[in-house]
file start-v6.cif (mmCIF, C-alpha atoms)
data_input
#
loop_
_atom_site.label_atom_id
_atom_site.label_comp_id
_atom_site.auth_asym_id
_atom_site.auth_seq_id
_atom_site.Cartn_x
_atom_site.Cartn_y
_atom_site.Cartn_z
CA MET D 1 -35.46 -44.29 15.43
CA THR D 2 -35.81 -41.83 18.30
CA ARG D 3 -34.17 -41.87 21.69
CA LEU D 4 -34.22 -39.74 24.81
CA ASN D 5 -31.35 -37.46 25.60
CA ALA D 6 -29.63 -38.55 28.82
CA LYS D 7 -29.28 -35.06 30.31
CA THR D 8 -32.65 -33.59 29.40
CA PRO D 9 -35.88 -35.50 28.87
CA ARG D 10 -36.41 -34.46 25.24
CA VAL D 11 -36.52 -36.61 22.15
CA VAL D 12 -33.51 -36.47 19.81
CA ALA D 13 -34.36 -37.35 16.21
CA GLY D 14 -32.19 -39.86 14.40
CA ALA D 15 -29.94 -42.52 15.81
CA SER D 16 -26.38 -41.71 16.66
CA SER D 17 -23.58 -43.22 14.65
CA GLU D 18 -22.31 -45.28 17.56
CA VAL D 19 -25.66 -47.09 17.95
CA ARG D 20 -25.81 -48.32 14.37
CA GLY D 21 -22.10 -48.54 13.84
CA GLY D 22 -22.05 -46.48 10.62
CA PRO D 23 -22.28 -42.91 9.47
CA ASP D 24 -25.44 -41.01 10.28
CA THR D 25 -27.59 -40.80 7.15
CA THR D 26 -30.69 -39.04 8.38
CA VAL D 27 -32.32 -36.59 5.99
CA ALA D 28 -31.24 -33.55 8.01
CA ARG D 29 -27.57 -34.43 7.66
CA GLN D 30 -27.54 -35.05 3.92
CA PRO D 31 -26.57 -32.25 1.56
CA GLY D 32 -29.66 -30.38 0.48
CA GLY D 33 -31.66 -31.57 3.47
CA TRP D 34 -31.85 -28.11 5.03
CA PRO D 35 -33.13 -25.07 3.18
CA ASP D 36 -30.46 -22.72 1.92
CA THR D 37 -30.88 -19.62 4.12
CA ARG D 38 -27.95 -17.28 3.96
CA PRO D 39 -28.01 -14.10 6.00
CA PRO D 40 -28.74 -10.94 4.03
CA THR D 41 -25.74 -8.85 3.06
CA ASP D 42 -27.54 -5.55 2.49
CA TRP D 43 -30.61 -3.91 3.95
CA PRO D 44 -32.35 -0.54 3.70
CA GLU D 45 -31.53 2.30 6.04
CA TYR D 46 -33.54 2.38 9.25
CA GLY D 47 -36.58 4.65 8.92
CA SER D 48 -36.46 4.88 5.12
CA ASP D 49 -39.46 4.17 2.89
CA GLU D 50 -37.95 0.82 1.86
CA TRP D 51 -37.57 -0.10 5.53
CA TYR D 52 -41.22 0.67 6.24
CA ASP D 53 -42.27 -1.43 3.24
CA LEU D 54 -40.54 -4.54 4.60
CA ASP D 55 -42.49 -7.21 6.46
CA THR D 56 -41.92 -7.20 10.22
CA ARG D 57 -40.59 -10.77 10.03
CA ASP D 58 -38.02 -9.89 7.38
CA PRO D 59 -34.49 -10.24 8.86
CA ARG D 60 -33.35 -7.19 6.87
CA LYS D 61 -35.68 -5.02 8.94
CA ARG D 62 -34.12 -6.29 12.19
CA LEU D 63 -30.60 -5.85 10.80
CA ALA D 64 -31.36 -2.24 9.91
CA MET D 65 -32.60 -1.64 13.47
CA PHE D 66 -29.50 -3.28 14.94
CA GLU D 67 -27.26 -1.17 12.73
CA ALA D 68 -29.07 2.03 13.74
CA ALA D 69 -28.82 1.09 17.42
CA GLU D 70 -25.10 0.40 17.10
CA ARG D 71 -24.49 3.74 15.38
CA TRP D 72 -26.42 5.48 18.17
CA ARG D 73 -24.34 3.67 20.80
CA GLN D 74 -21.09 4.65 19.09
CA GLN D 75 -22.25 8.26 18.79
CA LYS D 76 -23.06 8.34 22.52
CA LEU D 77 -19.62 6.90 23.36
CA ARG D 78 -17.93 9.52 21.19
CA GLN D 79 -19.99 12.27 22.82
CA GLN D 80 -18.99 11.05 26.28
CA TRP D 81 -15.35 10.98 25.20
CA LEU D 82 -15.58 14.51 23.78
CA ASP D 83 -17.24 15.77 26.98
CA GLY D 84 -14.21 14.54 28.93
CA LEU D 85 -11.74 16.63 26.90
CA ASP D 86 -10.56 20.07 27.92
CA ASP D 87 -11.49 23.04 25.69
CA ALA D 88 -8.33 23.12 23.56
CA ASP D 89 -8.40 19.36 22.86
CA TRP D 90 -12.14 19.52 22.17
CA TYR D 91 -11.71 22.24 19.52
CA ALA D 92 -8.74 20.41 18.02
CA GLU D 93 -10.76 17.17 17.73
CA VAL D 94 -14.01 18.69 16.51
CA PHE D 95 -12.49 21.02 13.93
CA ARG D 96 -9.68 18.72 12.78
CA ASP D 97 -11.38 17.73 9.52
CA ALA D 98 -12.43 21.33 8.83
CA ARG D 99 -8.82 22.48 9.12
CA ARG D 100 -7.67 19.72 6.77
CA ILE D 101 -10.35 20.53 4.20
CA ALA D 102 -9.56 24.25 4.44
CA ALA D 103 -5.86 23.53 3.89
CA GLN D 104 -6.69 21.42 0.82
CA THR D 105 -8.95 24.16 -0.54
CA ILE D 106 -6.27 26.81 -0.07
CA ALA D 107 -3.66 24.60 -1.75
CA ALA D 108 -6.00 24.01 -4.71
CA THR D 109 -6.69 27.75 -4.96
CA ASN D 110 -2.97 28.48 -4.98
CA ARG D 111 -2.45 25.90 -7.73
CA ILE D 112 -5.21 27.50 -9.80
CA ARG D 113 -3.75 30.96 -9.21
CA SER D 114 -0.25 29.83 -10.19
CA PHE D 115 -1.68 28.08 -13.28
CA ARG D 116 -3.41 31.29 -14.34
CA GLU D 117 -0.23 33.28 -13.77
CA ALA D 118 1.78 30.84 -15.88
CA LYS D 119 -0.89 30.94 -18.60
CA ASN D 120 -0.80 34.74 -18.64
CA GLU D 121 3.01 34.72 -18.83
CA ARG D 122 2.91 32.35 -21.80
CA ALA D 123 0.39 34.61 -23.55
CA LYS D 124 2.74 37.62 -23.45
CA PRO D 125 4.76 38.18 -26.63
CA ARG D 126 8.45 37.36 -26.40
CA PRO D 127 11.39 38.16 -28.62
CA ALA D 128 12.30 35.47 -31.12
CA HIS D 129 14.85 32.91 -30.03
CA LYS D 130 18.17 33.31 -31.82
CA LEU D 131 19.22 30.02 -33.37
CA GLN D 132 22.79 28.97 -32.80
CA ALA D 133 24.54 25.86 -34.07
CA THR D 134 26.12 23.59 -31.46
CA PRO D 135 29.25 21.48 -31.98
CA GLY D 136 28.54 17.78 -32.39
CA TRP D 137 24.89 18.33 -33.33
CA PRO D 138 23.38 18.06 -36.81
CA PRO D 139 22.62 21.23 -38.79
CA ILE D 140 19.62 23.34 -37.71
CA ARG D 141 16.97 24.17 -40.32
CA VAL D 142 16.05 27.83 -40.21
CA PRO D 143 12.26 28.25 -40.11
CA GLY D 144 11.02 30.33 -43.03
CA GLY D 145 14.54 30.33 -44.52
CA ASN D 146 13.64 28.35 -47.67
CA GLY D 147 15.82 25.39 -46.74
CA ALA D 148 18.69 27.33 -45.15
CA HIS D 149 20.57 25.53 -42.36
CA LEU D 150 22.89 26.63 -39.58
CA ILE D 151 26.06 24.57 -39.42
CA TYR D 152 28.69 24.84 -36.73
CA LYS D 153 32.04 25.82 -38.26
CA GLU D 154 35.24 26.39 -36.31
CA GLY D 155 33.70 27.71 -33.14
CA ARG D 156 31.15 30.01 -34.72
CA ALA D 157 27.78 29.57 -36.37
CA ALA D 158 27.29 30.27 -40.07
CA ALA D 159 24.11 30.74 -42.04
#
call {"tool": "encode", "arguments": {"input": "start-v6.cif", "output": "structure tokens"}}
result
Amino acid sequence: MTRLNAKTPRVVAGASSEVRGGPDTTVARQPGGWPDTRPPTDWPEYGSDEWYDLDTRDPRKRLAMFEAAERWRQQKLRQQWLDGLDDADWYAEVFRDARRIAAQTIAATNRIRSFREAKNERAKPRPAHKLQATPGWPPIRVPGGNGAHLIYKEGRAAA
């Protein structure tokens, strides 16, 4: 059943629910009546080979163009903002990331240098550590002493 829309003289398909008194059961309103067309979630970069290979009616091609246009607009806004800054603020803004990266590089270099210094210090020969028994601790086995132990006795160590 078709009827005319009251405001505009065009035909509206399907009867309204108030005319028939029940829920509207036209094909367009039933689940599965419309094709499942979800918007694309990824698209090729504008101007790439994949973009040129797409059909002109493909929505991914239009989305890539919209994305490129929006990036251009944002770049122009940033350029206008930078042009409004005085020289000191302009240099601080433009070279901010370079200063941060340079600071990280210097810190990493210092860590490498200190690691090498520590490695070289560990490689130097040192005098042997003198074993000494401590009160309250179990006996200490003497390395290379064929089972000899140091035991704490009356305030002094004995072998």
call {"tool": "atom_distance", "arguments": {"input": "start-v6.cif", "atom1": "atom CA of Lys153 of chain D", "atom2": "atom CA of Pro139 of chain D"}}
result
10.5 Å
call {"tool": "resolve_selection", "arguments": {"input": "start-v6.cif", "expression": "the PyMOL selection byres ((chain D and resi 132) around 8)", "output": "list in words"}}
result
Lys130, Leu131, Ala133, Thr134, Leu150 and Ala157 of chain D
call {"tool": "atom_distance", "arguments": {"input": "start-v6.cif", "atom1": "atom CA of Arg60 of chain D", "atom2": "atom CA of Trp43 of chain D"}}
result
5.2 Å
call {"tool": "closest_residue", "arguments": {"input": "start-v6.cif", "among": "D:Glu45, D:Asp97, D:Trp81, D:Ile151", "to": "Phe66 of chain D", "atoms": "only C-alpha atoms"}}
result
D:Glu45
call {"tool": "atom_distance", "arguments": {"input": "start-v6.cif", "atom1": "atom CA of Asp58 of chain D", "atom2": "atom CA of Pro44 of chain D"}}
result
11.5 Å
call {"tool": "closest_atom_pairs", "arguments": {"input": "start-v6.cif", "of": "segment 57-137 of chain D", "to": "segment 46-50 of chain D", "cutoff": "10 Å", "atoms": "all atoms listed in the file", "output": "Markdown table"}}
result
| residue | atom | partner | partner_atom | distance |
| --- | --- | --- | --- | --- |
| D:Arg60 | CA | D:Tyr46 | CA | 9.9 |
| D:Lys61 | CA | D:Tyr46 | CA | 7.7 |
| D:Arg62 | CA | D:Tyr46 | CA | 9.2 |
| D:Leu63 | CA | D:Tyr46 | CA | 8.9 |
| D:Ala64 | CA | D:Tyr46 | CA | 5.2 |
| D:Met65 | CA | D:Tyr46 | CA | 5.9 |
| D:Phe66 | CA | D:Tyr46 | CA | 9.0 |
| D:Glu67 | CA | D:Tyr46 | CA | 8.0 |
| D:Ala68 | CA | D:Tyr46 | CA | 6.3 |
| D:Ala69 | CA | D:Tyr46 | CA | 9.5 |
call {"tool": "decode", "arguments": {"input": "start-v6.cif", "residues": "segment 60-83 of chain D", "atoms": "N, CA and C atoms", "output": "PDB file, in the first residue's frame"}}
result
ATOM      1  N   ARG D  60      36.617   3.670  -0.350  1.00  0.00           N
ATOM      2  CA  ARG D  60      37.944   3.787   0.240  1.00  0.00           C
ATOM      3  C   ARG D  60      38.780   4.845  -0.475  1.00  0.00           C
ATOM      4  N   LYS D  61      38.543   5.017  -1.775  1.00  0.00           N
ATOM      5  CA  LYS D  61      39.265   6.034  -2.527  1.00  0.00           C
ATOM      6  C   LYS D  61      38.862   7.425  -2.049  1.00  0.00           C
ATOM      7  N   ARG D  62      37.554   7.631  -1.831  1.00  0.00           N
ATOM      8  CA  ARG D  62      37.078   8.930  -1.327  1.00  0.00           C
ATOM      9  C   ARG D  62      37.573   9.178   0.097  1.00  0.00           C
ATOM     10  N   LEU D  63      37.584   8.141   0.932  1.00  0.00           N
ATOM     11  CA  LEU D  63      38.051   8.319   2.301  1.00  0.00           C
ATOM     12  C   LEU D  63      39.528   8.696   2.335  1.00  0.00           C
ATOM     13  N   ALA D  64      40.322   8.118   1.441  1.00  0.00           N
ATOM     14  CA  ALA D  64      41.737   8.477   1.375  1.00  0.00           C
ATOM     15  C   ALA D  64      41.896   9.936   0.966  1.00  0.00           C
ATOM     16  N   MET D  65      41.063  10.397   0.027  1.00  0.00           N
ATOM     17  CA  MET D  65      41.128  11.810  -0.386  1.00  0.00           C
ATOM     18  C   MET D  65      40.698  12.728   0.749  1.00  0.00           C
ATOM     19  N   PHE D  66      39.652  12.348   1.479  1.00  0.00           N
ATOM     20  CA  PHE D  66      39.207  13.162   2.612  1.00  0.00           C
ATOM     21  C   PHE D  66      40.285  13.247   3.686  1.00  0.00           C
ATOM     22  N   GLU D  67      40.928  12.115   3.943  1.00  0.00           N
ATOM     23  CA  GLU D  67      41.988  12.096   4.949  1.00  0.00           C
ATOM     24  C   GLU D  67      43.147  12.994   4.518  1.00  0.00           C
ATOM     25  N   ALA D  68      43.542  12.916   3.258  1.00  0.00           N
ATOM     26  CA  ALA D  68      44.638  13.754   2.762  1.00  0.00           C
ATOM     27  C   ALA D  68      44.265  15.232   2.840  1.00  0.00           C
ATOM     28  N   ALA D  69      43.023  15.558   2.509  1.00  0.00           N
ATOM     29  CA  ALA D  69      42.577  16.948   2.580  1.00  0.00           C
ATOM     30  C   ALA D  69      42.577  17.449   4.022  1.00  0.00           C
ATOM     31  N   GLU D  70      42.172  16.607   4.945  1.00  0.00           N
ATOM     32  CA  GLU D  70      42.152  17.016   6.354  1.00  0.00           C
ATOM     33  C   GLU D  70      43.571  17.209   6.882  1.00  0.00           C
ATOM     34  N   ARG D  71      44.489  16.351   6.494  1.00  0.00           N
ATOM     35  CA  ARG D  71      45.886  16.538   6.918  1.00  0.00           C
ATOM     36  C   ARG D  71      46.454  17.840   6.350  1.00  0.00           C
ATOM     37  N   TRP D  72      46.116  18.148   5.102  1.00  0.00           N
ATOM     38  CA  TRP D  72      46.581  19.387   4.492  1.00  0.00           C
ATOM     39  C   TRP D  72      46.022  20.586   5.243  1.00  0.00           C
ATOM     40  N   ARG D  73      44.728  20.520   5.583  1.00  0.00           N
ATOM     41  CA  ARG D  73      44.102  21.617   6.324  1.00  0.00           C
ATOM     42  C   ARG D  73      44.771  21.822   7.677  1.00  0.00           C
ATOM     43  N   GLN D  74      45.033  20.718   8.395  1.00  0.00           N
ATOM     44  CA  GLN D  74      45.683  20.829   9.695  1.00  0.00           C
ATOM     45  C   GLN D  74      47.102  21.365   9.569  1.00  0.00           C
ATOM     46  N   GLN D  75      47.801  20.975   8.510  1.00  0.00           N
ATOM     47  CA  GLN D  75      49.155  21.483   8.295  1.00  0.00           C
ATOM     48  C   GLN D  75      49.113  22.990   8.024  1.00  0.00           C
ATOM     49  N   LYS D  76      48.143  23.446   7.252  1.00  0.00           N
ATOM     50  CA  LYS D  76      48.019  24.883   6.978  1.00  0.00           C
ATOM     51  C   LYS D  76      47.702  25.651   8.259  1.00  0.00           C
ATOM     52  N   LEU D  77      46.818  25.104   9.095  1.00  0.00           N
ATOM     53  CA  LEU D  77      46.499  25.763  10.367  1.00  0.00           C
ATOM     54  C   LEU D  77      47.729  25.856  11.259  1.00  0.00           C
ATOM     55  N   ARG D  78      48.513  24.785  11.308  1.00  0.00           N
ATOM     56  CA  ARG D  78      49.740  24.802  12.122  1.00  0.00           C
ATOM     57  C   ARG D  78      50.729  25.822  11.573  1.00  0.00           C
ATOM     58  N   GLN D  79      50.838  25.905  10.243  1.00  0.00           N
ATOM     59  CA  GLN D  79      51.755  26.858   9.646  1.00  0.00           C
ATOM     60  C   GLN D  79      51.319  28.291   9.957  1.00  0.00           C
ATOM     61  N   GLN D  80      50.030  28.548   9.911  1.00  0.00           N
ATOM     62  CA  GLN D  80      49.530  29.887  10.251  1.00  0.00           C
ATOM     63  C   GLN D  80      49.812  30.196  11.715  1.00  0.00           C
ATOM     64  N   TRP D  81      49.661  29.205  12.574  1.00  0.00           N
ATOM     65  CA  TRP D  81      49.927  29.413  13.998  1.00  0.00           C
ATOM     66  C   TRP D  81      51.407  29.698  14.221  1.00  0.00           C
ATOM     67  N   LEU D  82      52.275  28.918  13.532  1.00  0.00           N
ATOM     68  CA  LEU D  82      53.716  29.145  13.679  1.00  0.00           C
ATOM     69  C   LEU D  82      54.127  30.518  13.146  1.00  0.00           C
ATOM     70  N   ASP D  83      53.502  30.961  12.068  1.00  0.00           N
ATOM     71  CA  ASP D  83      53.833  32.273  11.504  1.00  0.00           C
ATOM     72  C   ASP D  83      53.489  33.400  12.467  1.00  0.00           C
TER      73      ASP D  83
END
